[in-house]
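One file, query-v3.cif, is given below (mmCIF, C-alpha atoms).
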```cif
data_run
#
loop_
_atom_site.label_atom_id
_atom_site.label_comp_id
_atom_site.auth_asym_id
_atom_site.auth_seq_id
_atom_site.Cartn_x
_atom_site.Cartn_y
_atom_site.Cartn_z
CA MET A 1 51.12 -46.73 -132.82
CA PHE A 2 51.01 -43.32 -131.18
CA VAL A 3 47.72 -42.57 -132.88
CA ARG A 4 46.22 -45.82 -131.62
CA VAL A 5 47.35 -45.26 -128.03
CA SER A 6 46.19 -41.67 -127.93
CA ALA A 7 42.86 -42.68 -129.42
CA ALA A 8 42.49 -45.24 -126.66
CA ILE A 9 43.31 -42.63 -124.04
CA ALA A 10 40.84 -40.24 -125.63
CA ALA A 11 38.19 -42.93 -125.47
CA VAL A 12 38.94 -43.55 -121.79
CA SER A 13 38.82 -39.92 -120.73
CA LEU A 14 35.88 -39.17 -122.99
CA LEU A 15 33.39 -41.49 -121.41
CA SER A 16 33.98 -40.41 -117.85
CA SER A 17 34.36 -36.73 -118.66
CA ALA A 18 31.37 -36.61 -120.99
CA ALA A 19 29.24 -38.29 -118.37
CA LEU A 20 30.36 -35.71 -115.85
CA ALA A 21 30.52 -32.75 -118.19
CA GLN A 22 26.96 -31.58 -117.98
CA GLY A 23 27.35 -30.91 -114.27
CA ALA A 24 23.82 -32.14 -113.82
CA LYS A 25 23.68 -35.67 -112.50
CA PRO A 26 22.32 -38.21 -114.96
CA THR A 27 18.79 -39.39 -114.22
CA ASP A 28 17.78 -43.05 -114.06
CA PRO A 29 16.27 -43.01 -117.60
CA GLN A 30 19.56 -41.50 -118.86
CA ILE A 31 21.69 -43.96 -116.89
CA ALA A 32 19.69 -46.85 -118.31
CA HIS A 33 20.21 -45.46 -121.81
CA ILE A 34 23.96 -45.01 -121.32
CA ALA A 35 24.44 -48.50 -119.87
CA TYR A 36 22.37 -50.10 -122.63
CA THR A 37 24.21 -48.15 -125.34
CA ALA A 38 27.59 -49.16 -123.89
CA GLY A 39 26.50 -52.80 -124.16
CA VAL A 40 25.23 -52.45 -127.72
CA ILE A 41 28.56 -50.91 -128.73
CA ASP A 42 30.59 -53.78 -127.33
CA ILE A 43 28.31 -56.36 -128.96
CA ALA A 44 28.77 -54.65 -132.34
CA ALA A 45 32.55 -54.59 -131.85
CA ALA A 46 32.53 -58.29 -130.93
CA LYS A 47 30.44 -59.19 -133.97
CA GLN A 48 32.89 -57.36 -136.17
CA ALA A 49 35.73 -59.33 -134.56
CA LEU A 50 33.88 -62.60 -135.12
CA THR A 51 33.67 -61.92 -138.86
CA LYS A 52 37.19 -60.52 -139.21
CA SER A 53 39.43 -62.43 -136.80
CA GLY A 54 40.99 -65.82 -137.43
CA ASN A 55 42.54 -66.01 -133.97
CA LYS A 56 40.96 -68.62 -131.72
CA GLU A 57 41.54 -66.71 -128.49
CA VAL A 58 40.25 -63.44 -129.92
CA LYS A 59 37.14 -65.16 -131.24
CA ALA A 60 36.46 -66.88 -127.90
CA PHE A 61 36.80 -63.50 -126.18
CA ALA A 62 34.42 -61.89 -128.68
CA GLU A 63 31.89 -64.69 -128.13
CA ASP A 64 32.11 -64.06 -124.37
CA MET A 65 31.43 -60.35 -124.97
CA VAL A 66 28.34 -61.05 -127.08
CA ARG A 67 26.98 -63.56 -124.56
CA ASP A 68 27.54 -61.44 -121.43
CA HIS A 69 26.58 -58.04 -122.82
CA GLU A 70 23.44 -59.46 -124.40
CA ALA A 71 22.55 -61.00 -121.02
CA VAL A 72 22.99 -57.67 -119.22
CA ASN A 73 21.04 -55.76 -121.86
CA LYS A 74 18.23 -58.30 -121.85
CA GLN A 75 17.98 -57.82 -118.10
CA ALA A 76 18.14 -54.03 -118.51
CA LEU A 77 15.24 -54.09 -121.00
CA ALA A 78 13.18 -56.27 -118.68
CA LEU A 79 13.90 -53.89 -115.82
CA VAL A 80 12.93 -50.67 -117.62
CA LYS A 81 9.75 -52.38 -118.78
CA LYS A 82 8.95 -53.48 -115.24
CA LEU A 83 9.68 -50.01 -113.84
CA ASN A 84 7.79 -48.42 -116.70
CA VAL A 85 10.78 -46.22 -117.50
CA THR A 86 11.63 -45.05 -121.00
CA PRO A 87 15.41 -44.85 -121.47
CA GLU A 88 16.30 -41.32 -122.44
CA ASP A 89 18.86 -40.45 -125.11
CA ASN A 90 21.48 -37.97 -123.93
CA ASP A 91 24.82 -36.41 -124.87
CA THR A 92 26.89 -39.18 -123.27
CA SER A 93 25.03 -41.88 -125.21
CA ARG A 94 25.34 -39.87 -128.43
CA THR A 95 29.07 -39.34 -127.94
CA LEU A 96 29.58 -43.01 -127.16
CA SER A 97 27.71 -44.10 -130.29
CA LYS A 98 29.53 -41.62 -132.50
CA ASN A 99 32.95 -42.73 -131.22
CA ALA A 100 32.01 -46.37 -131.55
CA ALA A 101 30.93 -45.90 -135.17
CA ASP A 102 34.29 -44.23 -135.91
CA LYS A 103 36.14 -47.07 -134.19
CA LEU A 104 34.22 -49.73 -136.13
CA ALA A 105 35.14 -47.98 -139.38
CA GLU A 106 38.79 -47.65 -138.32
CA LEU A 107 39.06 -51.31 -137.29
CA GLY A 108 37.19 -52.33 -140.42
CA LYS A 109 40.19 -51.27 -142.49
CA LEU A 110 42.61 -53.53 -140.61
CA LYS A 111 43.31 -57.19 -141.26
CA GLY A 112 44.75 -60.26 -139.55
CA ALA A 113 47.05 -59.78 -136.57
CA GLU A 114 46.85 -56.02 -136.93
CA PHE A 115 43.10 -56.14 -136.52
CA ASP A 116 43.33 -58.54 -133.57
CA LYS A 117 45.73 -56.29 -131.69
CA ALA A 118 43.74 -53.14 -132.34
CA TYR A 119 40.44 -54.78 -131.40
CA VAL A 120 41.76 -56.21 -128.15
CA ALA A 121 43.61 -52.99 -127.22
CA ASN A 122 40.38 -51.10 -127.74
CA GLU A 123 38.48 -53.63 -125.63
CA VAL A 124 40.92 -53.07 -122.76
CA ALA A 125 40.52 -49.29 -123.05
CA TYR A 126 36.78 -49.45 -123.56
CA HIS A 127 36.10 -51.67 -120.55
CA LYS A 128 38.35 -49.46 -118.43
CA ALA A 129 36.32 -46.44 -119.49
CA VAL A 130 32.98 -48.15 -118.91
CA ASP A 131 34.05 -49.51 -115.52
CA SER A 132 35.25 -46.09 -114.43
CA ALA A 133 32.01 -44.44 -115.60
CA LEU A 134 30.00 -47.08 -113.74
CA GLU A 135 32.00 -46.61 -110.55
CA THR A 136 32.23 -42.84 -110.48
CA THR A 137 29.02 -41.70 -112.17
CA LEU A 138 26.39 -44.23 -113.09
CA ILE A 139 26.20 -46.36 -109.93
CA PRO A 140 26.42 -43.45 -107.44
CA ASN A 141 23.69 -41.53 -109.29
CA ALA A 142 21.27 -44.40 -109.85
CA ASN A 143 18.21 -43.89 -107.66
CA ASN A 144 16.31 -47.09 -108.23
CA ALA A 145 17.70 -49.96 -106.15
CA GLU A 146 17.18 -52.57 -108.88
CA LEU A 147 18.89 -50.41 -111.48
CA LYS A 148 21.79 -49.83 -109.08
CA SER A 149 22.05 -53.56 -108.42
CA LEU A 150 22.08 -54.38 -112.14
CA LEU A 151 24.80 -51.78 -112.73
CA GLN A 152 26.83 -53.34 -109.91
CA THR A 153 26.48 -56.76 -111.51
CA GLY A 154 27.54 -55.14 -114.78
CA LEU A 155 30.60 -53.60 -113.15
CA LYS A 156 31.66 -56.92 -111.70
CA ILE A 157 31.36 -58.76 -114.98
CA PHE A 158 32.97 -55.96 -117.00
CA GLN A 159 35.96 -55.89 -114.64
CA GLY A 160 36.37 -59.56 -115.50
CA HIS A 161 36.18 -58.64 -119.21
CA GLU A 162 38.87 -56.03 -118.73
CA GLN A 163 41.21 -58.62 -117.15
CA HIS A 164 40.33 -61.11 -119.86
CA ALA A 165 41.06 -58.52 -122.57
CA GLU A 166 44.40 -57.70 -120.94
CA HIS A 167 45.24 -61.38 -120.86
CA VAL A 168 44.41 -61.77 -124.56
CA ALA A 169 46.36 -58.60 -125.37
CA ALA A 170 49.43 -60.01 -123.62
CA SER A 171 49.15 -63.26 -125.59
CA LEU A 172 49.09 -61.34 -128.89
CA LYS A 173 52.44 -59.65 -128.27
CA MET B 1 19.25 -109.79 -78.72
CA MET B 2 18.94 -111.38 -82.10
CA PRO B 3 20.20 -114.89 -82.82
CA ARG B 4 23.82 -115.01 -83.93
CA TRP B 5 22.92 -116.45 -87.35
CA MET B 6 20.96 -113.33 -88.22
CA LEU B 7 23.90 -110.98 -87.88
CA PRO B 8 25.33 -111.41 -91.39
CA ILE B 9 21.86 -110.88 -92.86
CA VAL B 10 21.30 -107.71 -90.89
CA ALA B 11 24.80 -106.54 -91.76
CA THR B 12 24.14 -107.16 -95.47
CA LEU B 13 20.87 -105.29 -95.32
CA MET B 14 22.50 -102.37 -93.56
CA LEU B 15 25.31 -102.34 -96.08
CA GLY B 16 22.76 -102.16 -98.88
CA THR B 17 21.02 -99.18 -97.36
CA SER B 18 24.27 -97.44 -96.53
CA ILE B 19 25.44 -97.68 -100.14
CA SER B 20 22.27 -96.11 -101.51
CA ALA B 21 22.28 -93.50 -98.74
CA HIS B 22 25.76 -92.45 -99.81
CA ALA B 23 24.65 -91.60 -103.35
CA ALA B 24 23.92 -88.05 -102.31
CA THR B 25 22.91 -85.01 -104.28
CA ILE B 26 25.13 -82.05 -103.54
CA GLN B 27 24.25 -78.51 -104.49
CA ILE B 28 26.80 -75.95 -105.59
CA THR B 29 25.59 -72.48 -106.52
CA MET B 30 26.93 -69.98 -108.99
CA GLU B 31 25.71 -66.56 -107.95
CA ASN B 32 27.00 -63.10 -108.65
CA LEU B 33 30.03 -64.62 -110.39
CA VAL B 34 31.06 -66.69 -107.36
CA ILE B 35 31.03 -70.48 -106.96
CA ALA B 36 29.89 -71.52 -103.48
CA PRO B 37 31.12 -73.48 -101.68
CA ALA B 38 34.60 -73.04 -103.10
CA GLU B 39 35.53 -76.54 -101.89
CA THR B 40 33.19 -79.51 -101.95
CA SER B 41 33.68 -83.13 -100.89
CA ALA B 42 31.76 -85.91 -102.59
CA ARG B 43 31.95 -89.60 -103.44
CA VAL B 44 31.89 -91.51 -106.69
CA GLY B 45 28.23 -92.03 -107.56
CA ASP B 46 27.09 -88.75 -106.02
CA THR B 47 25.27 -86.20 -108.12
CA ILE B 48 26.43 -82.62 -108.26
CA GLU B 49 23.69 -80.11 -108.88
CA TRP B 50 25.08 -76.82 -110.10
CA VAL B 51 22.52 -74.07 -109.59
CA ASN B 52 23.18 -71.06 -111.78
CA LYS B 53 21.40 -68.10 -110.18
CA ASP B 54 23.03 -65.55 -112.48
CA ILE B 55 21.69 -63.92 -115.63
CA PHE B 56 24.90 -65.14 -117.31
CA ALA B 57 25.72 -68.53 -118.74
CA HIS B 58 28.46 -70.34 -116.81
CA THR B 59 30.46 -73.54 -117.15
CA ALA B 60 31.96 -75.94 -114.65
CA THR B 61 35.09 -77.02 -116.49
CA ALA B 62 37.50 -79.50 -114.92
CA ARG B 63 41.12 -78.44 -115.44
CA ASN B 64 42.08 -82.09 -115.94
CA GLY B 65 39.52 -82.45 -118.74
CA ASP B 66 37.27 -84.93 -116.86
CA TRP B 67 34.12 -82.92 -117.44
CA ASP B 68 32.84 -79.68 -118.90
CA VAL B 69 29.30 -78.73 -117.95
CA THR B 70 27.55 -75.71 -119.45
CA MET B 71 24.72 -74.10 -117.51
CA PRO B 72 22.41 -71.55 -119.14
CA PRO B 73 21.30 -68.50 -117.10
CA LYS B 74 18.98 -69.32 -114.18
CA LYS B 75 19.21 -73.08 -114.82
CA THR B 76 20.33 -76.08 -112.79
CA VAL B 77 22.50 -78.76 -114.38
CA THR B 78 23.46 -82.10 -112.82
CA LEU B 79 26.46 -84.35 -113.19
CA VAL B 80 26.98 -87.84 -111.74
CA LEU B 81 30.55 -88.27 -110.54
CA ARG B 82 32.23 -91.30 -112.10
CA LYS B 83 35.86 -90.84 -111.13
CA ALA B 84 37.67 -90.20 -107.88
CA GLY B 85 40.20 -87.46 -107.44
CA THR B 86 40.62 -83.83 -106.49
CA ILE B 87 39.51 -81.70 -109.38
CA ASP B 88 40.06 -78.00 -109.78
CA TYR B 89 37.42 -76.48 -111.98
CA TYR B 90 36.48 -73.03 -113.26
CA CYS B 91 34.07 -71.21 -115.55
CA ARG B 92 35.48 -70.95 -119.07
CA PHE B 93 33.45 -67.78 -119.69
CA HIS B 94 34.48 -66.10 -116.41
CA PRO B 95 37.85 -67.58 -115.44
CA ASN B 96 37.84 -65.71 -112.11
CA MET B 97 35.21 -68.21 -110.95
CA LYS B 98 37.19 -71.11 -109.47
CA ALA B 99 36.45 -74.00 -107.13
CA ALA B 100 37.59 -77.50 -106.21
CA LEU B 101 35.78 -80.81 -105.88
CA SER B 102 37.24 -83.73 -103.91
CA VAL B 103 35.74 -87.02 -105.04
CA ALA B 104 36.40 -90.00 -102.74
CA PRO B 105 36.22 -93.52 -104.25
#
```

Please, can you express the file's structure as structure tokens?
Amino acid sequence: MFVRVSAAIAAVSLLSSAALAQGAKPTDPQIAHIAYTAGVIDIAAAKQALTKSGNKEVKAFAEDMVRDHEAVNKQALALVKKLNVTPEDNDTSRTLSKNAADKLAELGKLKGAEFDKAYVANEVAYHKAVDSALETTLIPNANNAELKSLLQTGLKIFQGHEQHAEHVAASLK
Amino acid sequence: MMPRWMLPIVATLMLGTSISAHAATIQITMENLVIAPAETSARVGDTIEWVNKDIFAHTATARNGDWDVTMPPKKTVTLVLRKAGTIDYYCRFHPNMKAALSVAP
């Protein structure tokens, strides 16, 4: 239990601190890459949950995550194409992907109710981290107005996801 | 003035037009995760046109189970109201999106 909670806290602090760590402000191509990567990670987590979970509420939540994050990422791809911007890989994206791969492996070993709880707890922590990164780093540093607007839409929908995840977490207790 | 015998005929004609005029089409938009207007009045026979301006799929789901309409991103979906009542509805995918529809008989 302690390990799981501290891992969640690590994940929360990691995203915001890593994004801020370089001192240099992220550029639009980096911001686009980070936001897209964050979406890909949550879609992968949701797809894992859809294959592993037998809980109706957890599965409905996971389906919502796939639907919404795919919608945001589809819009993000269309935007970078329109702006002729190539998303640029960076340390924050790499750290996010590495942590997500570890988390997928860790959750992959769990089963049943144990998996459900760990997945949903991680979704709460993950959305908190992403929302905080959007609010404090990504949105303020985005230069392009359309990118900024898409990130703001993302923040609004992800805040809803965070509430939804908290609601599901409470129902699993 | 028209002859007295014509009055019922005129009244019937007017009634006919007033019934069809009442079958209105009412637009409700879903934009930036908000349903607007939050409260809508309509009558049985009216058509509700939900306009989804978001990049996300939404639903208009009646809490009493009367209807459940799914609208893909950037699409408009219509529903003809068949039953009177005040119906609270929400989006199943984004439960923060809530609104009410009052349907008069």

I need the chain B residues near chain A as a compact mmCIF listing (two decimals) with C-alpha atoms, in the coordinates of the input; criterion: at most 8 Å, counting only C-alpha atoms.
```txt
# COMPACT_ATOMS: atom_id res chain seq x y z
CA ASN B 32 27.00 -63.10 -108.65
CA LEU B 33 30.03 -64.62 -110.39
CA ILE B 55 21.69 -63.92 -115.63
CA PHE B 56 24.90 -65.14 -117.31
CA ALA B 57 25.72 -68.53 -118.74
CA PHE B 93 33.45 -67.78 -119.69
CA HIS B 94 34.48 -66.10 -116.41
CA ASN B 96 37.84 -65.71 -112.11
```

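The space between atom CA of Ala125 of chain A and atom CA of Thr27 of chain A spans 25.5 Å.
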
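Among B:Arg92, B:Lys98, B:Val51, B:Thr40, the residue with the shortest atom-to-atom distance to Glu57 of chain A, counting only C-alpha atoms, is B:Arg92.
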
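Computed from the coordinates, the atom CA of Ile28 of chain B to atom CA of Pro73 of chain B distance equals 14.8 Å.
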
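Put simply, atom CA of Leu101 of chain B is 8.1 Å away from atom CA of Gly85 of chain B.
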
Across B:Ala100, B:Ala60, B:Met71, B:Ala38, the smallest distance to Thr86 of chain B, with only C-alpha atoms counted, is shown by B:Ala100

Pick the closest to Tyr90 of chain B from B:Ala24, B:Ala42, B:Ala62, B:Val77: which is it, counting all atoms listed in the file? B:Ala62

Any chance you could resolve the PyMOL selection byres ((chain A and resi 33) around 12) against this file and give the residues as a count of residues only? 33

Please write the residues picked by the PyMOL selection byres ((chain B and resi 76) around 10) on this file as a PyMOL selection string. chain B and resi 27-30+49-53+70-75+77-78

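Compared by their closest atoms to Lys83 of chain B, and using only C-alpha atoms, the residues B:Val103, B:Ile48, B:Ala23, B:Ile35 rank with B:Val103 nearest.
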
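Using all atoms listed in the file for every distance, the candidate list A:Leu83, A:Ala24, A:Ala165, A:Ala101 yields A:Ala165 as the residue closest to Lys128 of chain A.
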
Residue nearest Asp68 of chain B - candidates B:Cys91, B:Val44, B:Ala99, B:Ile26, atoms counted: all atoms listed in the file: B:Cys91

Residues selected by the PyMOL selection byres ((chain A and resi 108-124) around 10), written as JSON, numbers by chain: {"A": [1, 4, 5, 7, 8, 9, 11, 12, 42, 45, 46, 48, 49, 52, 53, 54, 55, 57, 58, 59, 61, 62, 65, 102, 103, 104, 105, 106, 107, 125, 126, 127, 128, 129, 159, 161, 162, 163, 164, 165, 166, 167, 168, 169, 170, 171, 172, 173]}
